[in-house]
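What follows is the content of my_file27.txt (compact mmCIF, C-alpha atoms and all ligand atoms).
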```
# COMPACT_ATOMS: atom_id res chain seq x y z
CA MET T 1 -99.70 -23.08 10.66
CA LEU T 2 -99.31 -23.79 14.33
CA ALA T 3 -101.88 -26.37 15.39
CA LYS T 4 -100.30 -27.46 18.67
CA PRO T 5 -97.57 -26.37 21.09
CA LEU T 6 -93.96 -26.90 20.00
CA THR T 7 -90.77 -27.08 22.00
CA LEU T 8 -87.43 -26.49 20.33
CA SER T 9 -83.86 -25.74 21.31
CA ALA T 10 -80.58 -24.42 19.89
CA PRO T 11 -77.05 -24.71 21.29
CA GLY T 12 -74.63 -22.07 22.51
CA LYS T 13 -71.13 -21.99 21.07
CA ALA T 14 -67.50 -21.48 21.88
CA ILE T 15 -65.12 -19.99 19.33
CA LEU T 16 -61.82 -21.89 19.30
CA HIS T 17 -60.19 -19.26 17.09
CA GLY T 18 -61.23 -16.30 14.96
CA GLU T 19 -63.53 -14.16 17.13
CA HIS T 20 -63.58 -10.53 15.94
CA ALA T 21 -61.29 -11.33 12.97
CA VAL T 22 -64.29 -13.20 11.47
CA VAL T 23 -66.19 -9.89 11.28
CA TYR T 24 -63.48 -8.81 8.77
CA GLY T 25 -63.70 -11.87 6.50
CA LYS T 26 -61.13 -14.01 8.33
CA ALA T 27 -61.72 -17.68 9.21
CA ALA T 28 -63.19 -18.76 12.54
CA LEU T 29 -63.56 -22.22 14.09
CA ALA T 30 -66.70 -22.51 16.19
CA VAL T 31 -68.07 -25.45 18.18
CA ALA T 32 -71.62 -26.07 19.42
CA LEU T 33 -71.90 -26.59 23.18
CA ASN T 34 -74.24 -28.84 25.12
CA LEU T 35 -75.68 -25.82 26.90
CA ARG T 36 -78.90 -24.88 25.12
CA THR T 37 -81.66 -22.29 24.78
CA PHE T 38 -85.19 -23.77 24.83
CA LEU T 39 -88.31 -22.18 23.38
CA ARG T 40 -91.94 -23.27 23.80
CA ILE T 41 -94.59 -21.73 21.54
CA LYS T 42 -98.28 -22.44 21.83
CA PRO T 43 -101.30 -21.12 19.95
CA SER T 44 -103.59 -18.95 22.02
CA ASN T 45 -107.05 -17.46 21.50
CA ASN T 46 -106.81 -14.29 23.58
CA GLY T 47 -105.91 -12.03 20.63
CA LYS T 48 -102.44 -11.36 22.04
CA VAL T 49 -98.82 -12.16 21.34
CA LEU T 50 -97.05 -12.84 24.60
CA ILE T 51 -93.34 -13.45 25.18
CA HIS T 52 -91.94 -14.48 28.53
CA LEU T 53 -88.14 -14.23 28.97
CA PRO T 54 -87.22 -15.46 32.46
CA ASN T 55 -83.43 -15.18 31.94
CA ILE T 56 -83.68 -11.42 31.58
CA GLY T 57 -86.72 -11.00 33.85
CA THR T 58 -89.02 -9.74 31.09
CA SER T 59 -92.55 -10.54 30.03
CA VAL T 60 -94.33 -8.51 27.37
CA ASN T 61 -97.52 -8.82 25.37
CA TRP T 62 -99.16 -6.93 22.54
CA GLU T 63 -102.69 -7.07 21.06
CA THR T 64 -102.46 -8.73 17.62
CA PHE T 65 -104.63 -5.94 16.12
CA ARG T 66 -102.03 -3.34 17.24
CA LEU T 67 -99.26 -5.41 15.67
CA ARG T 68 -101.38 -5.62 12.48
CA THR T 69 -101.60 -1.82 12.38
CA LEU T 70 -97.84 -1.54 12.88
CA LEU T 71 -97.31 -4.07 10.07
CA THR T 72 -98.98 -1.75 7.55
CA VAL T 73 -96.11 0.75 8.00
CA PHE T 74 -93.28 -1.68 8.79
CA SER T 75 -90.70 -2.23 6.04
CA GLY T 76 -87.95 -3.97 8.04
CA ASN T 77 -85.69 -1.00 7.38
CA PRO T 78 -83.18 -0.64 10.28
CA GLU T 79 -84.05 3.07 10.38
CA GLN T 80 -87.42 2.04 11.78
CA MET T 81 -85.76 0.75 14.97
CA ASP T 82 -86.55 3.96 16.86
CA ALA T 83 -90.23 3.64 15.95
CA LEU T 84 -90.17 0.00 17.10
CA LYS T 85 -88.57 1.01 20.39
CA GLU T 86 -91.28 3.58 20.95
CA PHE T 87 -94.01 1.05 20.13
CA ALA T 88 -92.49 -1.50 22.52
CA GLY T 89 -92.18 1.11 25.27
CA ILE T 90 -88.40 0.65 25.34
CA THR T 91 -86.92 3.52 27.32
CA THR T 92 -83.41 4.15 28.61
CA GLU T 93 -84.59 2.88 32.01
CA LEU T 94 -84.67 -0.70 30.71
CA SER T 95 -81.42 -2.70 30.79
CA ALA T 96 -79.68 -3.30 27.46
CA ALA T 97 -80.48 -7.01 27.86
CA GLU T 98 -84.23 -6.35 28.17
CA SER T 99 -84.29 -3.79 25.35
CA LEU T 100 -82.34 -5.93 22.89
CA GLY T 101 -84.16 -9.17 23.76
CA THR T 102 -87.56 -7.53 23.28
CA LEU T 103 -86.52 -5.60 20.19
CA ALA T 104 -85.03 -8.67 18.47
CA PHE T 105 -88.30 -10.54 19.05
CA LEU T 106 -90.50 -7.70 17.80
CA TYR T 107 -88.28 -7.16 14.76
CA LEU T 108 -88.39 -10.85 13.80
CA TYR T 109 -92.14 -11.13 14.48
CA LEU T 110 -92.90 -8.14 12.25
CA SER T 111 -90.40 -8.94 9.47
CA ILE T 112 -91.50 -12.58 9.22
CA SER T 113 -95.20 -11.59 9.35
CA ALA T 114 -94.63 -8.95 6.64
CA LYS T 115 -93.12 -11.55 4.32
CA TYR T 116 -95.19 -14.69 5.00
CA GLY T 117 -98.46 -13.47 6.57
CA GLN T 118 -99.23 -12.36 10.10
CA ILE T 119 -98.44 -14.80 12.86
CA PRO T 120 -101.60 -15.39 14.92
CA SER T 121 -102.07 -15.08 18.66
CA VAL T 122 -99.34 -17.11 20.42
CA GLU T 123 -97.63 -17.48 23.79
CA ILE T 124 -93.87 -17.96 23.78
CA VAL T 125 -91.45 -18.77 26.60
CA VAL T 126 -87.68 -18.74 26.02
CA TRP T 127 -85.34 -20.06 28.68
CA SER T 128 -81.64 -20.78 28.45
CA GLU T 129 -79.03 -22.86 30.24
CA LEU T 130 -76.51 -20.38 28.86
CA PRO T 131 -75.45 -17.37 30.86
CA THR T 132 -76.40 -14.34 28.72
CA GLY T 133 -73.79 -11.84 27.58
CA THR T 134 -70.72 -13.96 28.34
CA GLY T 135 -69.38 -14.95 24.91
CA LEU T 136 -71.21 -18.29 24.63
CA GLY T 137 -73.52 -17.14 21.85
CA SER T 138 -76.74 -16.77 23.86
CA SER T 139 -77.91 -14.06 21.45
CA ALA T 140 -77.54 -16.40 18.48
CA ALA T 141 -79.21 -19.37 20.21
CA TYR T 142 -82.08 -16.98 21.12
CA SER T 143 -82.37 -15.63 17.55
CA VAL T 144 -82.25 -19.13 16.03
CA CYS T 145 -85.00 -20.39 18.39
CA LEU T 146 -87.18 -17.33 17.62
CA ALA T 147 -86.65 -17.63 13.86
CA ALA T 148 -87.49 -21.35 13.84
CA ALA T 149 -90.61 -20.88 16.00
CA LEU T 150 -91.97 -17.86 14.10
CA LEU T 151 -91.27 -19.35 10.65
CA THR T 152 -93.07 -22.55 11.71
CA ALA T 153 -95.98 -20.60 13.25
CA CYS T 154 -96.69 -18.71 10.00
CA GLY T 155 -96.22 -21.80 7.82
CA ALA T 156 -93.08 -20.56 6.00
CA ILE T 157 -91.42 -23.83 7.01
CA GLY T 158 -93.07 -27.13 7.83
CA CYS T 159 -93.51 -28.59 11.25
CA PRO T 160 -91.35 -31.72 11.36
CA VAL T 161 -93.39 -34.74 12.36
CA GLU T 162 -92.46 -36.07 15.78
CA THR T 163 -91.47 -39.70 15.61
CA GLU T 164 -90.44 -42.06 18.35
CA LYS T 165 -87.03 -40.33 18.15
CA SER T 166 -86.76 -37.71 20.88
CA ILE T 167 -85.12 -35.14 18.55
CA VAL T 168 -86.48 -34.05 15.16
CA ARG T 169 -84.99 -31.56 12.70
CA TRP T 170 -86.11 -29.50 9.69
CA SER T 171 -84.93 -30.06 6.09
CA GLU T 172 -81.64 -28.48 4.94
CA GLU T 173 -83.49 -25.76 2.96
CA GLU T 174 -85.62 -24.94 5.99
CA MET T 175 -82.56 -24.82 8.27
CA ASP T 176 -80.92 -22.44 5.81
CA LEU T 177 -83.98 -20.16 6.02
CA ILE T 178 -83.94 -20.33 9.84
CA ASN T 179 -80.24 -19.39 9.79
CA ARG T 180 -80.81 -16.40 7.48
CA TRP T 181 -83.61 -14.99 9.64
CA ALA T 182 -81.64 -15.63 12.82
CA PHE T 183 -78.82 -13.55 11.34
CA ARG T 184 -81.25 -10.64 11.19
CA GLY T 185 -82.07 -11.12 14.87
CA GLU T 186 -78.33 -11.07 15.59
CA GLN T 187 -78.06 -7.80 13.64
CA VAL T 188 -80.52 -6.23 16.08
CA ILE T 189 -78.52 -7.49 19.10
CA HIS T 190 -74.92 -7.15 17.81
CA GLY T 191 -75.01 -4.36 15.26
CA LYS T 192 -72.52 -6.03 12.87
CA PRO T 193 -72.47 -9.80 13.39
CA SER T 194 -70.31 -12.05 11.22
CA GLY T 195 -72.95 -14.80 11.15
CA VAL T 196 -70.72 -17.44 12.75
CA ASP T 197 -72.78 -17.75 15.95
CA ASN T 198 -76.18 -18.15 14.28
CA SER T 199 -74.67 -20.68 11.83
CA VAL T 200 -73.29 -22.91 14.56
CA ALA T 201 -76.50 -22.58 16.62
CA THR T 202 -78.49 -23.68 13.54
CA TRP T 203 -76.25 -26.45 12.24
CA GLY T 204 -74.42 -27.59 15.38
CA GLY T 205 -71.18 -29.60 15.28
CA VAL T 206 -67.88 -27.90 14.52
CA LEU T 207 -67.79 -25.28 11.75
CA ARG T 208 -65.19 -23.32 9.86
CA PHE T 209 -66.86 -20.03 8.99
CA GLN T 210 -65.53 -17.36 6.64
CA SER T 211 -67.15 -14.49 4.72
CA GLY T 212 -70.70 -15.72 5.30
CA LYS T 213 -69.93 -19.32 4.26
CA PHE T 214 -69.37 -22.30 6.48
CA THR T 215 -68.01 -25.82 6.20
CA SER T 216 -68.86 -28.49 8.76
CA LEU T 217 -65.78 -30.40 9.85
CA LYS T 218 -66.61 -33.99 8.96
CA ARG T 219 -64.27 -35.69 11.39
CA VAL T 220 -63.61 -34.11 14.74
CA PRO T 221 -61.49 -35.51 17.57
CA THR T 222 -63.04 -35.93 21.01
CA LEU T 223 -61.93 -32.74 22.72
CA ARG T 224 -62.85 -31.67 26.20
CA ILE T 225 -62.87 -28.05 27.24
CA LEU T 226 -63.45 -26.14 30.44
CA LEU T 227 -65.61 -23.03 30.23
CA THR T 228 -64.95 -20.40 32.89
CA ASN T 229 -67.33 -17.53 33.43
CA THR T 230 -65.46 -14.59 34.96
CA LYS T 231 -68.89 -13.01 35.64
CA VAL T 232 -67.54 -9.70 34.34
CA SER T 233 -70.38 -8.36 32.21
CA ARG T 234 -69.77 -7.02 28.74
CA SER T 235 -71.65 -6.31 25.53
CA THR T 236 -70.77 -7.89 22.19
CA LYS T 237 -72.13 -4.83 20.37
CA ILE T 238 -69.81 -2.43 22.24
CA LEU T 239 -66.74 -4.68 21.90
CA VAL T 240 -67.25 -5.23 18.16
CA ALA T 241 -67.55 -1.44 17.72
CA SER T 242 -64.37 -0.86 19.77
CA VAL T 243 -62.36 -3.25 17.55
CA LYS T 244 -63.62 -1.38 14.49
CA ASP T 245 -62.35 1.91 15.96
CA LYS T 246 -58.92 0.39 16.64
CA ILE T 247 -58.63 -0.99 13.12
CA LEU T 248 -59.60 2.42 11.66
CA LYS T 249 -57.08 4.16 13.94
CA PHE T 250 -54.13 1.77 13.35
CA PRO T 251 -54.84 -0.19 10.14
CA ALA T 252 -51.18 -1.03 9.45
CA ILE T 253 -50.80 -2.44 12.97
CA MET T 254 -54.15 -4.22 13.36
CA ASN T 255 -54.59 -5.82 9.92
CA PRO T 256 -51.52 -8.09 10.29
CA VAL T 257 -52.90 -9.23 13.66
CA LEU T 258 -56.19 -10.20 11.99
CA ALA T 259 -54.24 -12.01 9.25
CA SER T 260 -52.33 -13.94 11.91
CA ILE T 261 -55.58 -14.94 13.65
CA ASP T 262 -56.81 -16.21 10.27
CA ALA T 263 -53.65 -18.33 9.94
CA ILE T 264 -54.20 -19.70 13.47
CA SER T 265 -57.74 -20.84 12.55
CA HIS T 266 -56.42 -22.65 9.46
CA GLU T 267 -53.56 -24.23 11.39
CA CYS T 268 -55.93 -25.38 14.14
CA GLU T 269 -58.28 -26.91 11.56
CA SER T 270 -55.40 -28.96 10.08
CA VAL T 271 -54.38 -30.16 13.53
CA LEU T 272 -57.97 -31.17 14.39
CA GLU T 273 -58.25 -33.09 11.13
CA ALA T 274 -54.99 -34.92 11.74
CA MET T 275 -56.02 -35.63 15.33
CA ALA T 276 -59.36 -37.08 14.18
CA VAL T 277 -57.57 -39.47 11.82
CA SER T 278 -54.94 -40.62 14.33
CA PRO T 279 -55.69 -39.56 17.92
CA SER T 280 -52.45 -38.89 19.76
CA GLN T 281 -51.24 -36.82 22.71
CA GLU T 282 -48.61 -35.21 20.48
CA TYR T 283 -51.17 -32.72 19.11
CA TYR T 284 -52.00 -31.12 22.47
CA PRO T 285 -48.86 -28.93 22.74
CA VAL T 286 -49.61 -27.48 19.27
CA LEU T 287 -53.26 -26.72 20.12
CA GLU T 288 -52.14 -25.19 23.42
CA GLU T 289 -49.57 -22.95 21.78
CA LEU T 290 -52.19 -21.73 19.29
CA PHE T 291 -54.45 -20.81 22.24
CA ASP T 292 -51.59 -18.82 23.84
CA ILE T 293 -50.70 -16.93 20.65
CA ASN T 294 -54.34 -16.07 19.92
CA GLN T 295 -54.95 -14.87 23.47
CA HIS T 296 -52.04 -12.42 23.03
CA HIS T 297 -53.52 -11.23 19.72
CA LEU T 298 -56.93 -10.68 21.32
CA ASN T 299 -55.25 -8.56 24.00
CA VAL T 300 -53.57 -6.53 21.23
CA ILE T 301 -56.90 -5.77 19.55
CA GLY T 302 -58.19 -4.55 22.92
CA VAL T 303 -60.72 -7.21 23.95
CA GLY T 304 -58.82 -8.71 26.89
CA HIS T 305 -59.65 -8.12 30.55
CA SER T 306 -57.77 -8.56 33.83
CA SER T 307 -60.26 -11.29 34.85
CA LEU T 308 -59.39 -13.23 31.68
CA ASP T 309 -55.66 -12.75 32.39
CA ASN T 310 -56.41 -14.28 35.79
CA VAL T 311 -58.04 -17.36 34.24
CA CYS T 312 -54.99 -17.81 31.97
CA ARG T 313 -52.60 -17.44 34.93
CA VAL T 314 -54.49 -19.82 37.24
CA THR T 315 -54.88 -22.53 34.60
CA ALA T 316 -51.21 -22.15 33.57
CA THR T 317 -50.15 -23.08 37.11
CA HIS T 318 -51.83 -26.45 36.39
CA GLY T 319 -50.19 -26.81 32.98
CA LEU T 320 -53.41 -25.83 31.14
CA HIS T 321 -53.84 -23.23 28.39
CA SER T 322 -56.75 -20.80 28.05
CA LYS T 323 -58.06 -18.01 25.87
CA LEU T 324 -61.14 -15.82 25.86
CA THR T 325 -64.06 -16.92 23.71
CA GLY T 326 -66.61 -14.74 21.92
CA ALA T 327 -66.38 -11.00 22.20
CA GLY T 328 -64.12 -10.90 25.30
CA GLY T 329 -63.88 -7.90 27.64
CA GLY T 330 -64.83 -10.27 30.50
CA GLY T 331 -67.37 -13.06 29.97
CA CYS T 332 -66.02 -16.57 29.39
CA ALA T 333 -62.67 -18.20 28.76
CA ILE T 334 -62.10 -21.68 27.34
CA THR T 335 -59.38 -24.01 28.56
CA LEU T 336 -58.21 -26.96 26.54
CA LEU T 337 -58.24 -30.11 28.68
CA ARG T 338 -55.89 -33.04 28.34
CA PRO T 339 -57.35 -36.41 29.30
CA ASP T 340 -56.06 -36.11 32.92
CA PRO T 341 -58.95 -35.61 35.38
CA LEU T 342 -56.66 -34.79 38.37
CA MET T 343 -55.12 -31.76 36.67
CA VAL T 344 -58.58 -30.47 35.78
CA GLU T 345 -60.08 -30.85 39.24
CA ALA T 346 -57.25 -28.87 40.85
CA ALA T 347 -57.62 -26.08 38.27
CA ARG T 348 -61.40 -25.98 38.83
CA GLN T 349 -60.95 -25.55 42.56
CA ASP T 350 -58.55 -22.63 42.11
CA LEU T 351 -60.85 -20.97 39.56
CA SER T 352 -63.85 -21.31 41.88
CA ALA T 353 -61.78 -19.77 44.68
CA CYS T 354 -61.38 -16.68 42.44
CA GLY T 355 -65.21 -16.42 42.28
CA PHE T 356 -65.42 -17.83 38.75
CA GLU T 357 -67.92 -20.47 37.61
CA CYS T 358 -66.74 -23.48 35.57
CA TRP T 359 -68.35 -26.14 33.41
CA GLU T 360 -66.60 -29.03 31.74
CA THR T 361 -68.02 -29.96 28.35
CA SER T 362 -67.25 -31.67 25.08
CA ILE T 363 -67.58 -30.05 21.65
CA GLY T 364 -69.95 -30.57 18.72
CA ALA T 365 -73.54 -30.64 20.09
CA PRO T 366 -76.51 -30.85 17.64
CA GLY T 367 -78.01 -27.67 16.17
CA ILE T 368 -81.63 -26.44 16.23
CA CYS T 369 -84.08 -29.26 16.84
CA LEU T 370 -87.61 -29.97 17.93
CA HIS T 371 -88.30 -31.93 21.13
CA SER T 372 -91.10 -34.14 22.30
CA LEU T 373 -92.17 -33.05 25.80
CA SER T 374 -91.31 -36.47 27.22
CA SER T 375 -87.67 -36.03 26.15
CA LEU T 376 -87.16 -32.79 28.11
CA LYS T 377 -85.24 -32.60 31.36
CA ALA T 378 -87.27 -31.85 34.52
CA GLU T 379 -85.61 -28.41 34.83
CA VAL T 380 -86.86 -27.36 31.39
CA LEU T 381 -90.33 -28.84 31.92
CA HIS T 382 -90.63 -26.91 35.15
CA ILE T 383 -90.01 -23.60 33.35
CA PHE T 384 -92.55 -24.37 30.61
CA ASN T 385 -95.24 -25.90 32.77
CA PRO T 386 -96.89 -22.76 34.16
CA VAL T 387 -97.76 -21.51 30.64
N1 LIG T 401 -82.65 -16.48 26.78
C1 LIG T 401 -82.70 -15.20 26.43
N2 LIG T 401 -83.80 -14.45 26.70
C2 LIG T 401 -83.86 -13.16 26.34
N3 LIG T 401 -82.87 -12.47 25.73
C3 LIG T 401 -81.74 -13.15 25.44
C4 LIG T 401 -81.61 -14.53 25.79
N4 LIG T 401 -80.38 -14.92 25.40
C5 LIG T 401 -79.78 -13.84 24.84
N5 LIG T 401 -80.59 -12.77 24.87
C6 LIG T 401 -80.27 -11.41 24.36
O1 LIG T 401 -78.91 -11.41 23.90
C7 LIG T 401 -78.11 -10.50 24.66
C8 LIG T 401 -76.70 -11.04 24.86
O2 LIG T 401 -76.07 -11.05 23.61
P1 LIG T 401 -74.51 -10.78 23.44
O3 LIG T 401 -74.12 -9.47 24.02
O4 LIG T 401 -74.23 -11.00 22.02
O5 LIG T 401 -73.82 -11.91 24.34
P2 LIG T 401 -73.72 -13.49 24.08
O6 LIG T 401 -74.29 -13.77 22.75
O7 LIG T 401 -72.26 -13.76 24.17
O8 LIG T 401 -74.44 -14.14 25.21
C9 LIG T 401 -78.85 -10.35 25.97
O9 LIG T 401 -78.51 -9.10 26.59
C10 LIG T 401 -80.32 -10.40 25.52
O10 LIG T 401 -80.74 -9.17 25.01
C1 LIG T 402 -66.90 -11.14 18.46
C2 LIG T 402 -67.68 -12.07 17.53
O1 LIG T 402 -66.73 -12.68 16.63
C3 LIG T 402 -68.36 -13.19 18.33
C4 LIG T 402 -69.30 -12.69 19.38
O2 LIG T 402 -69.83 -13.76 20.16
P1 LIG T 402 -70.63 -13.49 21.50
O3 LIG T 402 -71.82 -12.65 21.19
O4 LIG T 402 -69.70 -12.77 22.45
O5 LIG T 402 -71.03 -14.84 22.00
C5 LIG T 402 -68.68 -11.25 16.73
C6 LIG T 402 -69.27 -11.97 15.53
O6 LIG T 402 -68.63 -12.87 14.96
O7 LIG T 402 -70.38 -11.60 15.13
MG MG T 403 -73.92 -12.72 20.95
```
Now that the file is in, can you turn its structure into structure tokens?
Amino acid sequence: MLAKPLTLSAPGKAILHGEHAVVYGKAALAVALNLRTFLRIKPSNNGKVLIHLPNIGTSVNWETFRLRTLLTVFSGNPEQMDALKEFAGITTELSAAESLGTLAFLYLYLSISAKYGQIPSVEIVVWSELPTGTGLGSSAAYSVCLAAALLTACGAIGCPVETEKSIVRWSEEEMDLINRWAFRGEQVIHGKPSGVDNSVATWGGVLRFQSGKFTSLKRVPTLRILLTNTKVSRSTKILVASVKDKILKFPAIMNPVLASIDAISHECESVLEAMAVSPSQEYYPVLEELFDINQHHLNVIGVGHSSLDNVCRVTATHGLHSKLTGAGGGGCAITLLRPDPLMVEAARQDLSACGFECWETSIGAPGICLHSLSSLKAEVLHIFNPV
């Protein structure tokens, strides 16, 4: 049970290859980013459950006795979503971000309480460094943080003991449970998630994910990537549904494209393994060509966008190769960087001039973990302090 406040965080992700195809059992390669979602949970004695979500401008609270009443009729059945929406006061006036963020929380709170015993009065704040709804897996990082906090609060998993180390993690079995519950949060937000995003947010590093199973790549080369946010908003749920429609309409045309994306993921994995064993510049042209081919495929399945074409064009003028990452339709692109800082700086300037926002990052950040307050950056402490 929750005796004291806890602060935890989970990373966002970029998909090197395999977005969308992974929903149909193909392989994806996903990397954890060092942009994270932070959650602080603290026990409270005001008989309420409060959740404050500054990224989406939402703060909601419910009396625990009302949640207890709802629990008596809650089975976790997705058909009960409409009843949950009504309870939460979710109307069409709310943005999709607010509705889905609130609904995912309520769904996880009730489902976890139904299975392990009701979670007592708590106050929760979730804040993210990740832009939401841009393909960097903010929904998964959010679901993983909620699952870990709620499972710890009801005692379904232990509370790792803080040591002098600034970062503490749960056991493998407990992480597996966090991942499985986070997947259910993703189902509320995405409709039909593959599970790749919640897996990489839970486990971190670099993962190959296929048909619900993942393998962590043991040796990974030091790769730098540039993330570019086109700021064109999009919804993963709508894009995943649009790909489904296209596959149903043109199965003979779309299925070979998905098979080719699968082959790209496997090819990329082999190149990364070889590169980790003997780092050499000779691998870059291969990785770059795989980016180009996959970007064409993603356009074919209908998840491209003129803003993403722009990113590819601008970076190409600097000899760099880009593709969309995540659901596409706008959102973010990733650009593979060679170890030449001059080339990168020039590309960044041109991308900023288009109104895009860029971050340079490396791949393979740690997954869900617990933090001591003293280890948190001032920016995060500032968000959590008022509560
Ligand atoms: N920090 C957060 N606070 C509240 N809701 C969040 C947060 N991060 C993500 N979400 C929820 O996830 C949704 C975005 O998920 P999605 O469309 O899958 O995009 P992505 O996962 O690429 O960011 C948001 O609209 C919101 O409902
Ligand atoms: C398109 C997809 O492959 C990734 C979606 O990622 P994001 O929500 O756009 O960050 C869907 C999925 O794998 O569940
Ligand atoms: Mg998502």
**Message:** Can you pull out the residues contacting Lys237 in chain T? Cut-off 8 Å, using only C-alpha atoms, and skip same-chain residues under 5 positions away; I want them as a list in words.
**Reply:**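 Surrounding residues, per the criterion: Ile189, His190, Gly191 and Lys192 of chain T.
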**Request:** Write out as a PyMOL selection string each polymer residue whose atoms come within 7 Å of Phe356 in chain T, counting only C-alpha atoms; drop sequence neighbours fewer than 5 positions from it.
**Result:** chain T and resi 228-231+351
**Message:** Quick check, in Å to one decimal: how far apart do CA of Thr134 in chain T and CA of Ala259 in chain T lie?
**Reply:** 25.3 Å
Residues near Val200 in chain T, anyone? I mean within 10 Å using all atoms listed in the file, not counting same-chain ones fewer than 5 positions away, as a PDB file with C-alpha atoms, in the frame of the given file.
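The result, written out as around_19.pdb:
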```pdb
ATOM      1  CA  ALA T  10     -80.580 -24.420  19.890  1.00  0.00           C
ATOM      2  CA  PRO T  11     -77.050 -24.710  21.290  1.00  0.00           C
ATOM      3  CA  GLY T  12     -74.630 -22.070  22.510  1.00  0.00           C
ATOM      4  CA  LYS T  13     -71.130 -21.990  21.070  1.00  0.00           C
ATOM      5  CA  ALA T  14     -67.500 -21.480  21.880  1.00  0.00           C
ATOM      6  CA  ILE T  15     -65.120 -19.990  19.330  1.00  0.00           C
ATOM      7  CA  LEU T  29     -63.560 -22.220  14.090  1.00  0.00           C
ATOM      8  CA  ALA T  30     -66.700 -22.510  16.190  1.00  0.00           C
ATOM      9  CA  VAL T  31     -68.070 -25.450  18.180  1.00  0.00           C
ATOM     10  CA  ALA T  32     -71.620 -26.070  19.420  1.00  0.00           C
ATOM     11  CA  LEU T  33     -71.900 -26.590  23.180  1.00  0.00           C
ATOM     12  CA  GLY T 137     -73.520 -17.140  21.850  1.00  0.00           C
ATOM     13  CA  ALA T 140     -77.540 -16.400  18.480  1.00  0.00           C
ATOM     14  CA  ALA T 141     -79.210 -19.370  20.210  1.00  0.00           C
ATOM     15  CA  VAL T 144     -82.250 -19.130  16.030  1.00  0.00           C
ATOM     16  CA  ASN T 179     -80.240 -19.390   9.790  1.00  0.00           C
ATOM     17  CA  GLY T 195     -72.950 -14.800  11.150  1.00  0.00           C
ATOM     18  CA  GLY T 205     -71.180 -29.600  15.280  1.00  0.00           C
ATOM     19  CA  VAL T 206     -67.880 -27.900  14.520  1.00  0.00           C
ATOM     20  CA  LEU T 207     -67.790 -25.280  11.750  1.00  0.00           C
ATOM     21  CA  ARG T 208     -65.190 -23.320   9.860  1.00  0.00           C
ATOM     22  CA  PHE T 209     -66.860 -20.030   8.990  1.00  0.00           C
ATOM     23  CA  PHE T 214     -69.370 -22.300   6.480  1.00  0.00           C
ATOM     24  CA  SER T 216     -68.860 -28.490   8.760  1.00  0.00           C
ATOM     25  CA  GLY T 364     -69.950 -30.570  18.720  1.00  0.00           C
ATOM     26  CA  ALA T 365     -73.540 -30.640  20.090  1.00  0.00           C
ATOM     27  CA  PRO T 366     -76.510 -30.850  17.640  1.00  0.00           C
ATOM     28  CA  GLY T 367     -78.010 -27.670  16.170  1.00  0.00           C
ATOM     29  CA  ILE T 368     -81.630 -26.440  16.230  1.00  0.00           C
TER      30      ILE T 368
END
```
Hey, which bits of chain T sit within 9 Å of ligand LIG 401 (chain T), and for each residue what's the closest pair of atoms and how far apart in Å (one decimal), counting all atoms listed in the file, rows by chain and increasing number, as a tab-separated table?
```
residue	atom	partner	partner_atom	distance
T:Gly12	CA	T:LIG401	O6	8.3
T:Lys13	CA	T:LIG401	O7	8.9
T:Thr37	CA	T:LIG401	N1	6.2
T:Phe38	CA	T:LIG401	N1	8.0
T:Leu39	CA	T:LIG401	N1	8.7
T:His52	CA	T:LIG401	N2	8.3
T:Leu53	CA	T:LIG401	N2	4.9
T:Pro54	CA	T:LIG401	N2	6.8
T:Asn55	CA	T:LIG401	N2	5.3
T:Ile56	CA	T:LIG401	C2	5.5
T:Gly57	CA	T:LIG401	C2	8.3
T:Thr58	CA	T:LIG401	C2	7.8
T:Ser95	CA	T:LIG401	O9	8.2
T:Ala96	CA	T:LIG401	O9	6.0
T:Ala97	CA	T:LIG401	O9	3.1
T:Glu98	CA	T:LIG401	O10	5.5
T:Ser99	CA	T:LIG401	O10	6.5
T:Leu100	CA	T:LIG401	O10	4.2
T:Gly101	CA	T:LIG401	O10	3.6
T:Thr102	CA	T:LIG401	O10	7.2
T:Leu103	CA	T:LIG401	O10	8.3
T:Ala104	CA	T:LIG401	O10	7.8
T:Phe105	CA	T:LIG401	N3	8.8
T:Val125	CA	T:LIG401	N2	8.8
T:Val126	CA	T:LIG401	N1	5.6
T:Trp127	CA	T:LIG401	N1	4.9
T:Ser128	CA	T:LIG401	N1	4.7
T:Glu129	CA	T:LIG401	N1	8.1
T:Leu130	CA	T:LIG401	O8	7.5
T:Pro131	CA	T:LIG401	O8	6.6
T:Thr132	CA	T:LIG401	O8	4.0
T:Gly133	CA	T:LIG401	O5	3.2
T:Thr134	CA	T:LIG401	O7	4.4
T:Gly135	CA	T:LIG401	O7	3.2
T:Leu136	CA	T:LIG401	O7	4.7
T:Gly137	CA	T:LIG401	O6	3.6
T:Ser138	CA	T:LIG401	O8	3.7
T:Ser139	CA	T:LIG401	O1	3.7
T:Ala140	CA	T:LIG401	O6	6.0
T:Ala141	CA	T:LIG401	N4	6.9
T:Tyr142	CA	T:LIG401	N4	5.0
T:Ser143	CA	T:LIG401	C5	7.9
T:Glu186	CA	T:LIG401	O4	7.6
T:Ile189	CA	T:LIG401	O1	6.2
T:His190	CA	T:LIG401	O4	5.7
T:Pro193	CA	T:LIG401	O4	8.9
T:Asp197	CA	T:LIG401	O6	8.0
T:Arg234	CA	T:LIG401	O3	6.9
T:Ser235	CA	T:LIG401	O3	4.3
T:Thr236	CA	T:LIG401	O3	4.1
T:Lys237	CA	T:LIG401	O3	6.2
T:Ile238	CA	T:LIG401	O3	8.4
T:Thr325	CA	T:LIG401	O7	8.8
T:Gly326	CA	T:LIG401	O7	6.2
T:Ala327	CA	T:LIG401	O7	6.8
T:Gly328	CA	T:LIG401	O7	8.7
T:Gly331	CA	T:LIG401	O7	7.6
T:Cys332	CA	T:LIG401	O7	8.6
```
